[in-house]
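Trainee: Structure below; questions to follow.
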Amino acid sequence: MDEVTPAGSARGWRISLGVCAGLLAGFFWYVPAVILWQHYFDVPRPRVYPHGSFTLLGLDPPPASYWVSWAAPALLVVVFGLVTVSWRAARQFAVPFVLAFLPIAALAAWFVVGMDLFFTPD
């Protein structure tokens with residue numbers, strides 16, 4: 001008798017690959033993409049805030065283009081993930097990809113923005 005491949009095996013591989021690719025992309029791709037965005041769109045660097053001003057950005061907050069440069073690459077990943085929702089095979093990869101990418105990208109953004117704004121050598 002011939003063995004029958006379970007119908008869910010390809011689905012499981014697509015989900016696993018989506019999660020792994022999302023984690024890797026969030027960790028290795030997101031910050032370089034933001035840095036390239038800031039370079040090519042001439043986003044001004046924020047000034048460093050004094051020690052102890054973590055709750056208040058002072059009189060000179062970072063420009064809106066700085067915040068857009070951090071949000072836009074992540075938003076593009078979400079939009080491209082949502083575009084694939086109508087196709088089941090792609091959805092099984094894209095939804096786990098987006099759900100794995102966003103938390104890692106948010107942690108990377110939190111770390112780098114914190115270093116950009118509040119890191120001052122004492």
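Letters A, B, ... go to the chains of the structure tokens in the order shown; residues in each chain start at 1; ligands are counted from 1 in the same order.
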Which residues are close to Val19 (chain A), i.e. within 6 Å by only C-alpha atoms, leaving aside same-chain residues fewer than 4 positions away? Reply as a count of residues only.
Mentor: 3
Trainee: Neighbours of region 26-40 of chain A within 12 Å (only C-alpha atoms; same-chain residues fewer than 5 positions away dropped), as a PyMOL selection string?
Mentor: chain A and resi 18-21+45-46+63+65-77+97-113+116
Trainee: Can you tell me which residues surround Ala90 (chain A) at a distance of at most 10 Å, considering only C-alpha atoms, apart from same-chain residues fewer than 6 positions away, and format the answer as a list in words?
Mentor: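 Near neighbours after the sequence-gap exclusion: Arg11, Arg14, Ile15, Gly18, Gly81, Val83 and Thr84 of chain A.
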Trainee: Could you save those same residues with N, CA, C and O atoms as an mmCIF file, in the first residue's frame?
Mentor:
data_model
loop_
_atom_site.group_PDB
_atom_site.id
_atom_site.type_symbol
_atom_site.label_atom_id
_atom_site.label_comp_id
_atom_site.auth_asym_id
_atom_site.auth_seq_id
_atom_site.Cartn_x
_atom_site.Cartn_y
_atom_site.Cartn_z
ATOM 1 N N ARG A 11 1.441 22.481 5.827
ATOM 2 C CA ARG A 11 0.970 23.620 6.613
ATOM 3 C C ARG A 11 1.901 23.866 7.802
ATOM 4 O O ARG A 11 2.282 24.991 8.098
ATOM 5 N N ARG A 14 5.146 25.451 6.648
ATOM 6 C CA ARG A 14 4.991 26.871 6.311
ATOM 7 C C ARG A 14 4.882 27.734 7.560
ATOM 8 O O ARG A 14 5.465 28.813 7.625
ATOM 9 N N ILE A 15 4.167 27.249 8.553
ATOM 10 C CA ILE A 15 4.041 27.998 9.806
ATOM 11 C C ILE A 15 5.396 28.095 10.504
ATOM 12 O O ILE A 15 5.805 29.168 10.953
ATOM 13 N N GLY A 18 7.630 30.414 8.666
ATOM 14 C CA GLY A 18 7.183 31.791 8.878
ATOM 15 C C GLY A 18 7.658 32.346 10.203
ATOM 16 O O GLY A 18 8.144 33.478 10.283
ATOM 17 N N GLY A 81 2.152 41.407 4.683
ATOM 18 C CA GLY A 81 1.581 40.216 5.297
ATOM 19 C C GLY A 81 0.071 40.162 5.139
ATOM 20 O O GLY A 81 -0.507 39.107 4.873
ATOM 21 N N VAL A 83 -1.657 41.516 2.743
ATOM 22 C CA VAL A 83 -2.002 41.330 1.331
ATOM 23 C C VAL A 83 -2.137 39.851 1.001
ATOM 24 O O VAL A 83 -2.944 39.471 0.154
ATOM 25 N N THR A 84 -1.396 39.010 1.684
ATOM 26 C CA THR A 84 -1.393 37.579 1.363
ATOM 27 C C THR A 84 -2.496 36.797 2.072
ATOM 28 O O THR A 84 -2.594 35.594 1.875
#
Trainee: Could you please write out, as a PyMOL selection string, every residue of region 1-108 of chain A that DSSP assigns to helix (DSSP H, G or I)?
Mentor: chain A and resi 8-28+30-40+64-86+88-108
Trainee: Grab the CA of Phe80 (chain A) to CA of Gly12 (chain A) distance for me, in Å with one decimal place.
Mentor: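 Value for the CA of Phe80 (chain A)-CA of Gly12 (chain A) distance: 21.1 Å.
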Trainee: Nearest to Met115 (chain A): which of A:Val48, A:Val78, A:Ala89, A:Ala10 is it, counting only C-alpha atoms?
Mentor: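 Counting only C-alpha atoms, the residue closest to Met115 (chain A) is A:Val48.
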